[in-house]
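Here's data-v9.cif, which has mmCIF, C-alpha atoms:
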data_coords
#
loop_
_atom_site.label_atom_id
_atom_site.label_comp_id
_atom_site.auth_asym_id
_atom_site.auth_seq_id
_atom_site.Cartn_x
_atom_site.Cartn_y
_atom_site.Cartn_z
CA MET A 7 38.52 -28.59 -56.11
CA LYS A 8 40.59 -27.96 -52.97
CA LYS A 9 38.59 -24.77 -52.24
CA VAL A 10 35.30 -26.64 -52.67
CA PHE A 11 36.46 -29.36 -50.30
CA LEU A 12 37.57 -26.82 -47.67
CA SER A 13 34.26 -24.98 -47.92
CA PHE A 14 32.34 -28.27 -47.49
CA LEU A 15 34.50 -29.20 -44.49
CA MET A 16 33.94 -25.83 -42.79
CA LEU A 17 30.17 -26.10 -43.35
CA THR A 18 30.12 -29.61 -41.84
CA ILE A 19 32.10 -28.48 -38.78
CA SER A 20 29.78 -25.49 -38.37
CA LEU A 21 26.65 -27.69 -38.45
CA VAL A 22 28.14 -30.17 -35.99
CA GLY A 23 29.18 -27.35 -33.66
CA TYR A 24 25.69 -25.85 -33.56
CA SER A 25 23.57 -29.01 -33.47
CA GLN A 26 22.33 -30.04 -30.00
CA ILE A 27 20.23 -33.07 -29.16
CA GLN A 28 17.46 -32.25 -26.69
CA THR A 29 16.15 -35.00 -24.40
CA PRO A 30 13.62 -34.89 -21.55
CA GLN A 31 14.84 -34.28 -18.02
CA PRO A 32 14.48 -37.36 -15.81
CA SER A 33 13.15 -35.08 -13.04
CA PRO A 34 11.42 -32.16 -14.79
CA THR A 35 11.02 -28.85 -13.01
CA SER A 36 7.68 -27.43 -11.93
CA LYS A 37 6.55 -23.99 -10.81
CA ILE A 38 3.25 -23.30 -9.04
CA GLU A 39 1.86 -19.86 -8.24
CA GLN A 40 -0.99 -19.64 -5.74
CA LYS A 41 -2.85 -16.73 -4.19
CA VAL A 42 -3.76 -17.48 -0.56
CA GLY A 43 -6.00 -14.73 0.74
CA LEU A 44 -4.01 -11.67 -0.32
CA THR A 45 -0.61 -13.37 -0.23
CA ASP A 46 1.26 -14.57 -3.32
CA VAL A 47 2.97 -17.93 -2.83
CA THR A 48 5.33 -19.49 -5.40
CA LEU A 49 6.73 -23.03 -5.29
CA GLU A 50 9.60 -24.29 -7.50
CA TYR A 51 10.77 -27.91 -7.40
CA SER A 52 11.88 -30.90 -9.46
CA ARG A 53 9.79 -34.04 -9.90
CA PRO A 54 11.47 -37.45 -9.83
CA SER A 55 9.47 -40.59 -10.67
CA MET A 56 9.35 -44.04 -9.09
CA ARG A 57 10.30 -45.98 -12.23
CA GLY A 58 9.75 -49.32 -10.50
CA ARG A 59 11.75 -48.36 -7.42
CA THR A 60 10.68 -48.49 -3.79
CA VAL A 61 10.83 -44.87 -2.65
CA PHE A 62 10.51 -44.37 1.10
CA GLY A 63 12.91 -46.38 3.20
CA ASN A 64 14.98 -47.15 0.10
CA LEU A 65 15.47 -44.49 -2.61
CA VAL A 66 14.67 -41.89 0.06
CA PRO A 67 16.06 -43.28 3.34
CA TYR A 68 14.22 -42.84 6.60
CA GLY A 69 15.83 -40.55 9.16
CA LYS A 70 17.95 -38.54 6.70
CA ILE A 71 17.40 -35.02 5.36
CA TRP A 72 16.00 -35.12 1.83
CA ARG A 73 16.00 -32.30 -0.72
CA LEU A 74 12.24 -32.86 -1.22
CA GLY A 75 12.43 -33.65 -4.90
CA ALA A 76 15.52 -33.73 -7.11
CA ASN A 77 18.25 -31.46 -8.49
CA ALA A 78 18.30 -27.97 -6.90
CA ASN A 79 16.63 -27.51 -3.53
CA THR A 80 12.88 -27.02 -3.48
CA LYS A 81 12.08 -23.32 -3.01
CA ILE A 82 8.97 -21.59 -1.66
CA SER A 83 8.43 -17.82 -1.72
CA PHE A 84 5.93 -15.68 0.23
CA SER A 85 4.98 -12.07 -0.53
CA ASP A 86 3.97 -11.52 3.12
CA ASP A 87 5.11 -12.75 6.51
CA VAL A 88 3.49 -16.13 7.25
CA MET A 89 3.21 -18.44 10.24
CA ILE A 90 4.06 -22.14 10.35
CA GLY A 91 2.95 -23.36 13.74
CA ASP A 92 4.31 -20.78 16.17
CA LYS A 93 7.20 -19.78 13.88
CA LYS A 94 7.13 -16.61 11.80
CA LEU A 95 8.66 -16.64 8.32
CA VAL A 96 9.26 -13.13 7.04
CA ALA A 97 8.36 -12.41 3.43
CA GLY A 98 10.96 -13.93 1.13
CA SER A 99 12.21 -17.25 -0.24
CA TYR A 100 13.09 -20.45 1.62
CA ALA A 101 14.45 -23.87 0.76
CA VAL A 102 12.23 -26.71 1.94
CA TYR A 103 13.69 -30.02 3.15
CA ALA A 104 12.19 -33.05 4.85
CA THR A 105 13.33 -35.90 7.04
CA PRO A 106 10.91 -38.73 6.21
CA ASN A 107 10.07 -41.41 8.75
CA GLU A 108 7.55 -44.21 8.51
CA GLY A 109 4.77 -42.48 10.47
CA SER A 110 5.73 -38.82 10.21
CA TRP A 111 7.98 -36.35 8.44
CA GLU A 112 9.92 -33.44 9.83
CA VAL A 113 9.62 -30.61 7.32
CA ILE A 114 12.29 -27.90 7.51
CA PHE A 115 12.31 -24.34 6.13
CA TYR A 116 15.86 -23.08 5.52
CA ASN A 117 16.81 -19.49 4.66
CA ASP A 118 19.52 -20.38 2.13
CA VAL A 119 18.09 -21.25 -1.29
CA THR A 120 21.39 -21.48 -3.20
CA ASN A 121 22.15 -25.17 -2.60
CA TRP A 122 22.09 -27.97 -5.14
CA GLY A 123 20.18 -30.53 -3.16
CA THR A 124 20.98 -30.61 0.55
CA PRO A 125 23.67 -28.19 1.78
CA GLU A 126 27.21 -29.53 1.76
CA LYS A 127 27.49 -28.23 5.31
CA TRP A 128 24.19 -28.06 7.19
CA ASP A 129 23.80 -24.91 9.32
CA ASP A 130 21.14 -25.06 12.04
CA ALA A 131 21.32 -21.26 12.34
CA LYS A 132 19.69 -21.08 8.89
CA VAL A 133 16.68 -23.17 9.97
CA VAL A 134 13.72 -20.79 10.41
CA ALA A 135 11.03 -23.38 11.10
CA ARG A 136 10.67 -27.10 11.78
CA THR A 137 7.36 -28.89 11.93
CA THR A 138 6.39 -32.55 12.24
CA SER A 139 3.51 -33.81 10.10
CA GLN A 140 1.78 -37.16 10.16
CA THR A 141 1.93 -39.33 7.05
CA PHE A 142 -1.28 -40.56 5.43
CA ALA A 143 -1.44 -43.71 3.32
CA LEU A 144 -2.91 -43.28 -0.17
CA PRO A 145 -5.08 -45.95 -1.82
CA MET A 146 -2.90 -45.90 -4.96
CA ASP A 147 0.65 -45.15 -6.00
CA ILE A 148 1.62 -41.68 -7.21
CA GLU A 149 4.31 -42.32 -9.84
CA THR A 150 5.80 -38.81 -9.90
CA PHE A 151 6.65 -36.72 -6.84
CA THR A 152 3.99 -34.03 -6.56
CA MET A 153 3.61 -30.92 -4.44
CA SER A 154 0.43 -28.86 -4.20
CA PHE A 155 -1.44 -26.16 -2.32
CA ASP A 156 -4.41 -27.78 -0.60
CA ASN A 157 -7.27 -26.59 1.65
CA VAL A 158 -6.86 -23.02 0.41
CA SER A 159 -8.88 -20.52 2.46
CA ASN A 160 -8.76 -16.78 3.12
CA GLY A 161 -6.34 -17.26 5.98
CA SER A 162 -4.35 -20.41 5.32
CA ALA A 163 -3.36 -23.24 2.99
CA THR A 164 -1.63 -26.59 3.23
CA LEU A 165 1.61 -27.37 1.41
CA GLY A 166 0.94 -30.93 0.22
CA MET A 167 3.50 -33.59 -0.74
CA PHE A 168 2.55 -36.83 -2.55
CA TRP A 169 4.76 -39.69 -3.67
CA GLU A 170 4.52 -43.46 -3.85
CA ASN A 171 1.56 -44.13 -1.51
CA VAL A 172 2.26 -41.36 1.04
CA TYR A 173 0.75 -37.90 1.60
CA VAL A 174 2.11 -35.27 4.00
CA GLY A 175 0.74 -31.76 4.53
CA VAL A 176 2.10 -28.67 6.27
CA GLU A 177 -0.31 -25.83 7.05
CA PHE A 178 0.78 -22.19 6.86
CA MET A 179 -1.15 -19.11 7.93
CA VAL A 180 -1.26 -15.82 5.99
CA PRO A 181 -2.10 -12.34 7.36
CA THR A 182 -5.27 -11.81 5.33
CA ASP A 183 -7.46 -10.65 8.19
CA ASP A 184 -5.00 -7.98 9.36
CA LYS A 185 -4.58 -6.66 5.83
CA VAL A 186 -8.32 -6.60 5.07
CA LEU A 187 -9.26 -4.94 8.36
CA THR A 188 -6.61 -2.27 7.83
CA SER A 189 -7.95 -1.68 4.31
CA ILE A 190 -11.56 -1.52 5.52
CA ASN A 191 -10.65 0.94 8.27
CA ASP A 192 -8.72 3.17 5.87
CA VAL A 193 -11.49 3.22 3.24
CA MET A 194 -14.35 3.69 5.69
CA ASN A 195 -12.56 6.72 7.12
CA ALA A 196 -12.19 8.20 3.64
CA ASN A 197 -14.87 8.17 0.92
CA PRO A 198 -16.30 4.62 0.54
CA THR A 199 -18.24 3.67 -2.58
CA ALA A 200 -21.16 1.27 -2.85
CA ASN A 201 -18.71 -1.46 -3.86
CA ASP A 202 -16.58 -0.72 -0.79
CA TYR A 203 -19.57 -1.04 1.54
CA TYR A 204 -20.61 -4.26 -0.22
CA ALA A 205 -17.15 -5.86 -0.07
CA ALA A 206 -16.71 -4.96 3.60
CA ALA A 207 -20.15 -6.34 4.48
CA VAL A 208 -19.55 -9.64 2.69
CA TYR A 209 -16.13 -10.06 4.32
CA TYR A 210 -17.54 -9.41 7.81
CA SER A 211 -20.34 -11.89 7.18
CA GLN A 212 -18.18 -14.65 5.71
CA GLU A 213 -15.54 -14.32 8.43
CA ASN A 214 -18.20 -14.31 11.19
CA LYS A 215 -17.42 -10.83 12.46
CA ASP A 216 -19.93 -8.29 13.82
CA ILE A 217 -23.09 -9.05 11.85
CA LYS A 218 -24.77 -5.77 12.83
CA THR A 219 -21.93 -3.85 11.21
CA ALA A 220 -22.12 -6.10 8.16
CA LEU A 221 -25.86 -5.46 7.88
CA LYS A 222 -25.40 -1.69 8.18
CA TRP A 223 -22.78 -1.68 5.43
CA MET A 224 -24.85 -3.95 3.17
CA GLU A 225 -27.93 -1.77 3.48
CA LYS A 226 -25.80 1.29 2.75
CA ALA A 227 -24.38 -0.43 -0.35
CA MET A 228 -27.85 -1.34 -1.61
CA SER A 229 -29.15 2.17 -1.02
CA MET A 230 -26.36 3.47 -3.27
CA THR A 231 -26.99 0.87 -6.01
CA GLU A 232 -29.67 1.64 -8.61
CA LYS A 233 -30.36 -1.99 -9.53
CA PRO A 234 -28.68 -4.58 -7.27
CA ALA A 235 -27.49 -7.72 -9.08
CA PHE A 236 -28.65 -11.19 -8.14
CA TRP A 237 -25.34 -12.04 -6.44
CA GLN A 238 -25.56 -8.88 -4.33
CA LEU A 239 -29.12 -9.70 -3.30
CA ARG A 240 -27.96 -13.22 -2.44
CA GLN A 241 -25.35 -11.91 -0.01
CA GLN A 242 -27.84 -9.47 1.50
CA SER A 243 -30.29 -12.31 2.15
CA LEU A 244 -27.59 -14.32 3.92
CA ILE A 245 -26.71 -11.37 6.16
CA TYR A 246 -30.39 -10.88 7.05
CA ALA A 247 -30.57 -14.59 7.94
CA LYS A 248 -27.46 -14.38 10.14
CA ASP A 249 -28.97 -11.37 11.88
CA GLY A 250 -32.09 -13.40 12.64
CA ASN A 251 -34.44 -11.48 10.33
CA LYS A 252 -35.91 -14.43 8.44
CA GLU A 253 -38.70 -12.38 6.86
CA ALA A 254 -36.25 -9.95 5.23
CA ALA A 255 -33.97 -12.85 4.26
CA ILE A 256 -36.83 -14.63 2.44
CA GLU A 257 -38.03 -11.47 0.69
CA THR A 258 -34.51 -10.67 -0.54
CA ALA A 259 -33.79 -14.27 -1.56
CA LYS A 260 -36.94 -14.26 -3.71
CA LYS A 261 -35.67 -11.15 -5.48
CA SER A 262 -32.30 -12.82 -6.02
CA LEU A 263 -34.02 -15.95 -7.32
CA GLU A 264 -36.09 -13.98 -9.81
CA ALA A 265 -33.05 -12.06 -11.02
CA SER A 266 -30.85 -15.16 -11.28
CA GLU A 267 -33.55 -16.98 -13.26
CA ALA A 268 -33.75 -14.01 -15.63
CA ALA A 269 -29.96 -14.09 -16.00
CA GLY A 270 -29.96 -17.84 -16.59
CA ASN A 271 -27.55 -18.50 -13.72
CA ALA A 272 -28.38 -22.03 -12.60
CA ASP A 273 -25.96 -21.99 -9.65
CA TYR A 274 -27.62 -18.99 -8.02
CA VAL A 275 -31.08 -20.34 -8.80
CA LYS A 276 -30.22 -23.50 -6.88
CA MET A 277 -28.56 -21.66 -3.98
CA ASN A 278 -31.55 -19.36 -3.55
CA LYS A 279 -34.03 -22.23 -3.73
CA ASP A 280 -32.01 -24.20 -1.17
CA SER A 281 -32.00 -21.22 1.21
CA LEU A 282 -35.69 -20.53 0.75
CA LYS A 283 -36.41 -24.19 1.49
CA GLU A 284 -34.18 -24.05 4.58
CA TRP A 285 -36.02 -20.91 5.79
CA GLY A 286 -39.45 -22.53 5.24
CA ALA A 287 -40.50 -20.47 2.21
CA LEU A 288 -40.66 -23.34 -0.33
#
Rendering of file as structure tokens:
Amino acid sequence: MKKVFLSFLMLTISLVGYSQIQTPQPSPTSKIEQKVGLTDVTLEYSRPSMRGRTVFGNLVPYGKIWRLGANANTKISFSDDVMIGDKKLVAGSYAVYATPNEGSWEVIFYNDVTNWGTPEKWDDAKVVARTTSQTFALPMDIETFTMSFDNVSNGSATLGMFWENVYVGVEFMVPTDDKVLTSINDVMNANPTANDYYAAAVYYSQENKDIKTALKWMEKAMSMTEKPAFWQLRQQSLIYAKDGNKEAAIETAKKSLEASEAAGNADYVKMNKDSLKEWGAL
């Protein structure tokens, strides 16, 4: 009986020792990965909620450095060098802090990401960029602190911050154009394929570079393509239009329209019809 009791006791202790109650974090973590042009950007932060509290000017005091979330410092990572205003941030990871005020925030990028919250001893030598951004009032309350990548384009994006009824955004620039032009130059001096000519032509057209060069590359791409697809014909028509050759633009758009109708692609059907109407062909 004594052995049975001891075995039962050991089993109970073992179960107690290994059982763990799991509960939700009050400020859950979030990780966002975003491609901006050719640059990989990763954001990691914690998300506190209002829970009936007044946030700015109370929970988050005005005029004091805030960790921009909760728990560990908010961290942003860039795979390439980026620009914030006139400040260059080399590729790597940075802590992001903010000093909120009623009409604007100072947002700070700090090259030490190992702090829990704000650094115990602030070091201005570790500040790599400071920028002041205007606050915008929102028409509704945002319960949980939210960060986002907004206004994403080939060359830039905005780091957005929402909480309570306030929005703040900080724009950063990425080196897409330099990287693409280097790639185009390297490939064009080697052995470009039809896809290379097409991609280079579309990039030159969309980024408003030399349209004559874009047209030359597009025509070369089409000459190397046995049966151009409707999306390729669409881009060719737009380049003709930018070059001022409306007749060629209309003729090519009609081909793209016919091919997109055959493919059942309603988006391209509409885009081609809109262009043909704009150019006076419908």
On this file, the PyMOL selection byres ((chain A and resi 140) around 6) gives some set of residues; write that set as a list in words.
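Applied to this file, the PyMOL selection byres ((chain A and resi 140) around 6) selects Ser110, Ser139 and Thr141 of chain A.
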Give me the result of the PyMOL selection byres ((chain A and resi 231-241) around 8) on this file, residue by residue, as a VMD selection string.
chain A and resid 200 204 208 227 to 230 242 to 245 258 to 259 261 to 263 265 to 266 274 278
Evaluate the PyMOL selection byres ((chain A and resi 93) around 10) and report residues as a list in words:
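Checking the PyMOL selection byres ((chain A and resi 93) around 10) against this file, the residues are Val88, Met89, Ile90, Gly91, Asp92, Lys94, Leu95, Val96, Val134, Ala135, Arg136, Thr137 and Phe178 of chain A.
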Nearest to Asn251 of chain A: which of A:Ile148, A:Glu264, A:Val193, A:Leu221 is it, counting all atoms listed in the file?
A:Leu221
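Nearest to Arg73 of chain A of all the residues A:Asp273, A:Glu149, A:Glu126, A:Glu225 is A:Glu126, based on all atoms listed in the file.
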Given the point (4.7, -13.6, 0.4) in the coordinates of this file, which residues lie within 9 Å, counting only C-alpha atoms, and how would they look as a PyMOL selection string?
chain A and resi 44-48+83-88+96-99+180
Separation of atom CA of Ala101 of chain A and atom CA of Met167 of chain A, in Å?
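So the two atoms, atom CA of Ala101 of chain A and atom CA of Met167 of chain A, lie 14.7 Å apart.
The residue that comes closest to Ser36 of chain A, out of A:Ile71, A:Ala287, A:Leu165, A:Ala76 and on the basis of all atoms listed in the file, is A:Ala76.
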Go through A:Trp223, A:Phe62, A:Phe155, A:Tyr51 one by one, measure the shortest atom-to-atom distance of each to Asn171 of chain A using all atoms listed in the file, and give the residue with the smallest value.
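Using all atoms listed in the file, the shortest distance to Asn171 of chain A belongs to A:Phe62.
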Separating atom CA of Glu257 of chain A from atom CA of Leu282 of chain A, to the nearest tenth of an Å, is a gap of 9.4 Å
Identify, on the basis of all atoms listed in the file, every residue whose closest approach to Asn79 of chain A does not exceed 9 Å; exclude the query and any residue fewer than 6 positions from it along the same chain; express the result as a PDB file with C-alpha atoms, in the frame of the given file.
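Generated file (selection-v2.pdb):
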ATOM      1  CA  GLU A  50       9.600 -24.290  -7.500  1.00  0.00           C
ATOM      2  CA  TYR A  51      10.770 -27.910  -7.400  1.00  0.00           C
ATOM      3  CA  SER A  52      11.880 -30.900  -9.460  1.00  0.00           C
ATOM      4  CA  ARG A  73      16.000 -32.300  -0.720  1.00  0.00           C
ATOM      5  CA  ALA A 101      14.450 -23.870   0.760  1.00  0.00           C
ATOM      6  CA  VAL A 102      12.230 -26.710   1.940  1.00  0.00           C
ATOM      7  CA  TYR A 103      13.690 -30.020   3.150  1.00  0.00           C
ATOM      8  CA  VAL A 119      18.090 -21.250  -1.290  1.00  0.00           C
ATOM      9  CA  THR A 120      21.390 -21.480  -3.200  1.00  0.00           C
ATOM     10  CA  ASN A 121      22.150 -25.170  -2.600  1.00  0.00           C
ATOM     11  CA  TRP A 122      22.090 -27.970  -5.140  1.00  0.00           C
ATOM     12  CA  GLY A 123      20.180 -30.530  -3.160  1.00  0.00           C
ATOM     13  CA  THR A 124      20.980 -30.610   0.550  1.00  0.00           C
ATOM     14  CA  PRO A 125      23.670 -28.190   1.780  1.00  0.00           C
TER      15      PRO A 125
END
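The two atoms in question, atom CA of Asn107 of chain A and atom CA of Pro32 of chain A, are spaced 25.3 Å apart.
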Could you add N, CA and C atoms to segment 262-278 of chain A and give me the result as a PDB file, in the frame of the given file?
ATOM      1  N   SER A 262     -33.512 -12.256  -5.424  1.00  0.00           N
ATOM      2  CA  SER A 262     -32.300 -12.820  -6.020  1.00  0.00           C
ATOM      3  C   SER A 262     -32.640 -13.993  -6.926  1.00  0.00           C
ATOM      4  N   LEU A 263     -33.598 -14.813  -6.511  1.00  0.00           N
ATOM      5  CA  LEU A 263     -34.020 -15.950  -7.320  1.00  0.00           C
ATOM      6  C   LEU A 263     -34.603 -15.487  -8.646  1.00  0.00           C
ATOM      7  N   GLU A 264     -35.463 -14.502  -8.584  1.00  0.00           N
ATOM      8  CA  GLU A 264     -36.090 -13.980  -9.810  1.00  0.00           C
ATOM      9  C   GLU A 264     -35.028 -13.419 -10.754  1.00  0.00           C
ATOM     10  N   ALA A 265     -34.087 -12.673 -10.192  1.00  0.00           N
ATOM     11  CA  ALA A 265     -33.050 -12.060 -11.020  1.00  0.00           C
ATOM     12  C   ALA A 265     -32.080 -13.100 -11.578  1.00  0.00           C
ATOM     13  N   SER A 266     -31.769 -14.124 -10.791  1.00  0.00           N
ATOM     14  CA  SER A 266     -30.850 -15.160 -11.280  1.00  0.00           C
ATOM     15  C   SER A 266     -31.510 -16.037 -12.334  1.00  0.00           C
ATOM     16  N   GLU A 267     -32.825 -16.255 -12.209  1.00  0.00           N
ATOM     17  CA  GLU A 267     -33.550 -16.980 -13.260  1.00  0.00           C
ATOM     18  C   GLU A 267     -33.552 -16.175 -14.560  1.00  0.00           C
ATOM     19  N   ALA A 268     -33.749 -14.865 -14.446  1.00  0.00           N
ATOM     20  CA  ALA A 268     -33.750 -14.010 -15.630  1.00  0.00           C
ATOM     21  C   ALA A 268     -32.367 -13.981 -16.289  1.00  0.00           C
ATOM     22  N   ALA A 269     -31.328 -14.097 -15.471  1.00  0.00           N
ATOM     23  CA  ALA A 269     -29.960 -14.090 -16.000  1.00  0.00           C
ATOM     24  C   ALA A 269     -29.516 -15.459 -16.479  1.00  0.00           C
ATOM     25  N   GLY A 270     -30.304 -16.488 -16.183  1.00  0.00           N
ATOM     26  CA  GLY A 270     -29.960 -17.840 -16.590  1.00  0.00           C
ATOM     27  C   GLY A 270     -28.799 -18.431 -15.808  1.00  0.00           C
ATOM     28  N   ASN A 271     -28.652 -18.007 -14.551  1.00  0.00           N
ATOM     29  CA  ASN A 271     -27.550 -18.500 -13.720  1.00  0.00           C
ATOM     30  C   ASN A 271     -28.071 -19.639 -12.838  1.00  0.00           C
ATOM     31  N   ALA A 272     -27.834 -20.858 -13.277  1.00  0.00           N
ATOM     32  CA  ALA A 272     -28.380 -22.030 -12.600  1.00  0.00           C
ATOM     33  C   ALA A 272     -27.824 -22.207 -11.182  1.00  0.00           C
ATOM     34  N   ASP A 273     -26.565 -21.840 -10.985  1.00  0.00           N
ATOM     35  CA  ASP A 273     -25.960 -21.990  -9.650  1.00  0.00           C
ATOM     36  C   ASP A 273     -26.694 -21.142  -8.622  1.00  0.00           C
ATOM     37  N   TYR A 274     -26.937 -19.884  -8.963  1.00  0.00           N
ATOM     38  CA  TYR A 274     -27.620 -18.990  -8.020  1.00  0.00           C
ATOM     39  C   TYR A 274     -29.090 -19.362  -7.863  1.00  0.00           C
ATOM     40  N   VAL A 275     -29.696 -19.855  -8.921  1.00  0.00           N
ATOM     41  CA  VAL A 275     -31.080 -20.340  -8.800  1.00  0.00           C
ATOM     42  C   VAL A 275     -31.143 -21.444  -7.751  1.00  0.00           C
ATOM     43  N   LYS A 276     -30.226 -22.396  -7.831  1.00  0.00           N
ATOM     44  CA  LYS A 276     -30.220 -23.500  -6.880  1.00  0.00           C
ATOM     45  C   LYS A 276     -29.918 -23.017  -5.460  1.00  0.00           C
ATOM     46  N   MET A 277     -28.909 -22.139  -5.320  1.00  0.00           N
ATOM     47  CA  MET A 277     -28.560 -21.660  -3.980  1.00  0.00           C
ATOM     48  C   MET A 277     -29.718 -20.924  -3.324  1.00  0.00           C
ATOM     49  N   ASN A 278     -30.415 -20.089  -4.102  1.00  0.00           N
ATOM     50  CA  ASN A 278     -31.550 -19.360  -3.550  1.00  0.00           C
ATOM     51  C   ASN A 278     -32.703 -20.300  -3.176  1.00  0.00           C
TER      52      ASN A 278
END
